[in-house]
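**Q** Sharing upload-v9.txt (compact mmCIF, C-alpha atoms and all ligand atoms) below.
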# COMPACT_ATOMS: atom_id res chain seq x y z
CA MET A 929 11.00 71.06 98.79
CA SER A 930 11.71 73.56 101.56
CA LEU A 931 10.05 76.96 101.39
CA PRO A 932 10.74 79.85 101.00
CA LEU A 933 12.60 79.83 97.71
CA LEU A 934 13.44 83.49 97.67
CA GLU A 935 14.34 86.04 100.33
CA ILE A 936 14.23 89.73 99.58
CA HIS A 937 14.10 92.93 101.60
CA ARG A 938 10.70 94.59 101.55
CA ARG A 939 12.23 97.85 100.30
CA LEU A 940 14.08 96.11 97.49
CA TYR A 941 10.88 94.29 96.45
CA ASP A 942 8.94 97.57 96.40
CA SER A 943 11.58 99.32 94.33
CA LEU A 944 11.75 96.36 91.90
CA ILE A 945 7.97 96.43 91.39
CA ALA A 946 8.07 100.21 90.86
CA ASP A 947 10.91 99.89 88.30
CA LEU A 948 9.09 97.09 86.43
CA ALA A 949 5.92 99.20 86.24
CA ARG A 950 7.87 102.28 85.12
CA SER A 951 9.85 100.34 82.49
CA GLY A 952 6.71 98.76 80.97
CA ARG A 953 4.67 102.00 81.16
CA GLY A 954 1.55 99.85 81.32
CA VAL A 955 1.93 98.92 77.65
CA LYS A 956 4.73 96.36 77.39
CA GLU A 957 6.47 93.61 79.29
CA SER A 958 9.52 94.43 81.37
CA GLY A 959 11.86 92.31 83.42
CA ALA A 960 14.97 92.00 85.53
CA PHE A 961 17.61 89.58 86.69
CA LEU A 962 17.47 89.10 90.46
CA LEU A 963 21.02 89.01 91.75
CA GLY A 964 22.34 87.74 95.02
CA ALA A 965 23.72 84.68 96.75
CA LEU A 966 22.71 81.07 96.36
CA ASP A 967 22.92 78.85 99.43
CA GLY A 968 21.42 75.45 98.69
CA GLN A 969 17.69 76.01 98.13
CA ARG A 970 17.96 79.49 99.66
CA ARG A 971 18.19 82.41 97.29
CA CYS A 972 18.92 85.77 98.89
CA VAL A 973 18.23 88.67 96.55
CA SER A 974 20.44 91.68 97.22
CA SER A 975 20.03 93.65 93.98
CA TYR A 976 18.56 93.45 90.52
CA LEU A 977 19.47 94.34 86.97
CA MET A 978 16.67 95.68 84.79
CA TYR A 979 16.45 94.19 81.28
CA ASP A 980 16.20 97.65 79.72
CA LYS A 981 19.66 98.45 81.14
CA VAL A 982 21.17 95.26 79.70
CA ALA A 983 19.23 95.23 76.47
CA PRO A 984 18.07 98.75 75.58
CA LEU A 985 17.68 97.79 71.91
CA SER A 986 15.60 94.64 72.40
CA SER A 987 13.58 96.38 75.10
CA SER A 988 12.66 99.22 72.80
CA GLN A 989 11.89 97.01 69.78
CA HIS A 990 9.79 94.25 71.34
CA ALA A 991 6.65 94.28 73.43
CA TYR A 992 7.92 91.07 75.05
CA VAL A 993 11.20 90.07 76.62
CA ALA A 994 13.90 88.90 74.19
CA PHE A 995 17.69 89.03 74.22
CA THR A 996 20.49 88.83 71.72
CA ALA A 997 23.50 86.67 72.63
CA GLN A 998 25.53 89.85 73.06
CA GLU A 999 23.04 91.26 75.54
CA MET A 1000 23.07 88.04 77.55
CA ALA A 1001 26.86 88.17 77.62
CA ARG A 1002 26.69 91.75 78.92
CA ALA A 1003 24.42 90.62 81.77
CA TRP A 1004 26.83 87.84 82.81
CA GLU A 1005 29.71 90.31 82.65
CA HIS A 1006 27.85 92.60 85.02
CA CYS A 1007 27.24 89.74 87.48
CA TYR A 1008 30.87 88.73 87.31
CA ALA A 1009 31.98 92.32 87.90
CA VAL A 1010 29.79 92.80 90.97
CA GLY A 1011 30.45 89.28 92.30
CA LEU A 1012 26.82 88.20 92.37
CA GLN A 1013 24.87 85.35 90.84
CA VAL A 1014 21.58 85.39 88.99
CA VAL A 1015 19.36 83.73 91.61
CA ALA A 1016 16.08 84.25 89.73
CA ASP A 1017 14.50 86.27 86.96
CA VAL A 1018 11.30 88.26 86.90
CA HIS A 1019 9.14 89.65 84.12
CA THR A 1020 5.71 91.18 83.78
CA HIS A 1021 2.66 90.06 81.84
CA PRO A 1022 -0.29 92.18 80.69
CA PHE A 1023 -2.75 89.89 82.51
CA GLY A 1024 -2.15 86.86 84.70
CA PRO A 1025 0.95 85.38 86.38
CA ALA A 1026 0.93 82.05 84.47
CA GLN A 1027 3.72 81.20 82.04
CA SER A 1028 3.31 81.55 78.29
CA VAL A 1029 4.27 78.68 75.97
CA SER A 1030 7.44 80.60 75.16
CA ASP A 1031 8.25 81.19 78.86
CA ARG A 1032 8.07 77.44 79.45
CA ALA A 1033 10.12 76.59 76.37
CA HIS A 1034 12.87 79.17 76.95
CA PRO A 1035 14.01 79.53 80.55
CA ILE A 1036 16.23 82.61 81.00
CA VAL A 1037 18.63 80.33 82.85
CA SER A 1038 18.32 76.69 81.68
CA VAL A 1039 19.49 75.11 84.90
CA ALA A 1040 17.27 72.90 87.06
CA GLY A 1041 16.33 74.82 90.19
CA HIS A 1042 16.14 78.20 88.48
CA VAL A 1043 13.25 80.39 89.65
CA ALA A 1044 11.23 82.61 87.30
CA LEU A 1045 8.74 85.10 88.74
CA ILE A 1046 5.87 86.56 86.73
CA VAL A 1047 4.20 89.78 87.84
CA PRO A 1048 0.66 90.34 86.49
CA ASN A 1049 -0.88 93.57 85.11
CA PHE A 1050 2.48 95.02 83.97
CA ALA A 1051 3.33 95.34 87.72
CA LYS A 1052 0.67 98.03 88.18
CA GLY A 1053 -1.47 98.26 91.32
CA ASP A 1054 1.17 97.35 93.91
CA PRO A 1055 1.21 93.54 93.36
CA GLN A 1056 2.20 91.47 96.40
CA PRO A 1057 3.95 88.05 96.39
CA ARG A 1058 0.55 86.28 96.53
CA ASP A 1059 -0.37 87.96 93.21
CA LEU A 1060 2.76 86.65 91.47
CA GLY A 1061 3.51 83.38 89.72
CA VAL A 1062 6.56 81.60 91.15
CA HIS A 1063 7.85 79.09 88.60
CA LEU A 1064 10.56 76.60 89.49
CA PHE A 1065 12.43 75.03 86.58
CA GLY A 1066 12.89 71.29 86.99
CA GLY A 1067 14.98 70.71 83.86
CA CYS A 1068 13.97 69.00 80.60
CA GLY A 1069 11.04 71.37 80.01
CA ARG A 1070 9.42 70.69 83.40
CA TRP A 1071 8.21 73.51 85.67
CA ASP A 1072 6.49 73.65 89.05
CA SER A 1073 4.20 76.66 89.31
CA MET A 1074 3.09 78.26 92.56
CA PHE A 1075 0.31 80.82 92.93
CA ARG A 1076 -1.58 82.61 95.71
CA GLU A 1077 -0.79 81.10 99.15
CA GLN A 1078 2.08 78.99 97.81
CA ALA A 1079 3.59 81.97 96.01
CA SER A 1080 3.32 84.09 99.12
CA GLN A 1081 5.14 81.38 101.11
CA ALA A 1082 7.81 81.00 98.46
CA ILE A 1083 8.83 84.67 98.69
CA ARG A 1084 9.88 85.82 102.14
CA PHE A 1085 10.58 89.40 103.11
CA ALA A 1086 13.92 89.50 104.92
ZN ZN B 1101 6.16 85.70 79.89
Rewrite the coordinates I just gave you, this time as structure tokens.
Ligand SMILES: [Zn+2]
**A**
Amino acid sequence: MSLPLLEIHRRLYDSLIADLARSGRGVKESGAFLLGALDGQRRCVSSYLMYDKVAPLSSSQHAYVAFTAQEMARAWEHCYAVGLQVVADVHTHPFGPAQSVSDRAHPIVSVAGHVALIVPNFAKGDPQPRDLGVHLFGGCGRWDSMFREQASQAIRFA
């Protein structure tokens, strides 16, 4: 596998982390679709779509990330309208960057090669790529998880 998996501008990364922290207010999980272009293994993130924009109802009712079918459809409509693909997803956890049982069982995009990022501590405290969990979906319930040095190599600032 060739690293990095994900390229993102430093400024976009910082604004994403700030939005995730603001959306979760330190008390609940928040998340976003990372949008951009897919070029083989290379995923270039050019914008993101916060879950609370797509799913204001679910976001206000649950402490964790959950979508209705209608909300998912709205997200795909948005991507289609702006001509971008979902190249990864990201969500926060109260503690560590490892996946929960539910995260592993329900990929946001159930396609082999999909990347799911997990930001610890509700994205508080200016987390850097090496603090994140980078989880690569291999299909059929399999995931490869990268932390620390590997995570920092998997996310490159463009
Ligand atoms: Zn999770």
**Q** Which protein, DNA or RNA residues have an atom within 8 Å of ligand ZN 1101 (chain B), counting only C-alpha atoms and all ligand atoms, as a PyMOL selection string?
**A** chain A and resi 957+992-993+1019-1021+1026-1028+1030-1031+1046
**Q** Of the residues A:Ile945, A:Val1037, A:Val1047, A:Leu940, which is the one nearest to Val1015 (chain A), using all atoms listed in the file?
**A**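 The closest residue to Val1015 (chain A) is A:Val1037.
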**Q** Please put the answer as JSON: centre and edge lengths, in Å with one decimal, of a box along x, y and z that encloses all listed atoms of region 964-970 of chain A plus 5 Å on each side.
**A**
{"center_x": 20.7, "center_y": 81.6, "center_z": 97.3, "size_x": 16.0, "size_y": 22.3, "size_z": 14.6}
**Q** Would you mind telling me which residue in A:Ser1038, A:Ser1080, A:Ser1073, A:Gln1013 lies nearest to Asp1059 (chain A) when using all atoms listed in the file?
**A**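 That would be A:Ser1080, the residue with the smallest distance to Asp1059 (chain A).
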**Q** Near Ser975 (chain A), counting all atoms listed in the file, which residues have an atom at most 7 Å away, once you skip same-chain residues fewer than 4 positions from it, shown as a list in words?
**A**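 Near Ser975 (chain A), the qualifying residues are Leu962, Leu963 and Gly964 of chain A.
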**Q** Just the number, please: distance in Å from CA of Val1014 (chain A) to CA of Ser974 (chain A), one decimal.
**A**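 Separation of CA of Val1014 (chain A) and CA of Ser974 (chain A): 10.4 Å.
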**Q** Could you name the residues that touch Arg1076 (chain A) at 8 Å or less, counting only C-alpha atoms, but leaving out those on the same chain fewer than 5 positions away, as a ChimeraX atom specification?
**A** /A:1057-1061
**Q** Which one is closest to Phe1075 (chain A): A:Pro1055, A:Pro1025, A:Pro1035, A:Pro1048? Count all atoms listed in the file.
**A**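 Under the stated criterion, the closest residue is A:Pro1025.
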**Q** Any idea what the distance is between CA of His1042 (chain A) and CA of Ser958 (chain A)?
**A**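 We find that CA of His1042 (chain A) and CA of Ser958 (chain A) lie 18.9 Å from each other.
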**Q** So what do you get for CA of Tyr979 (chain A) versus CA of Arg938 (chain A), distance-wise?
**A**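 Between CA of Tyr979 (chain A) and CA of Arg938 (chain A) the gap works out to 21.1 Å.
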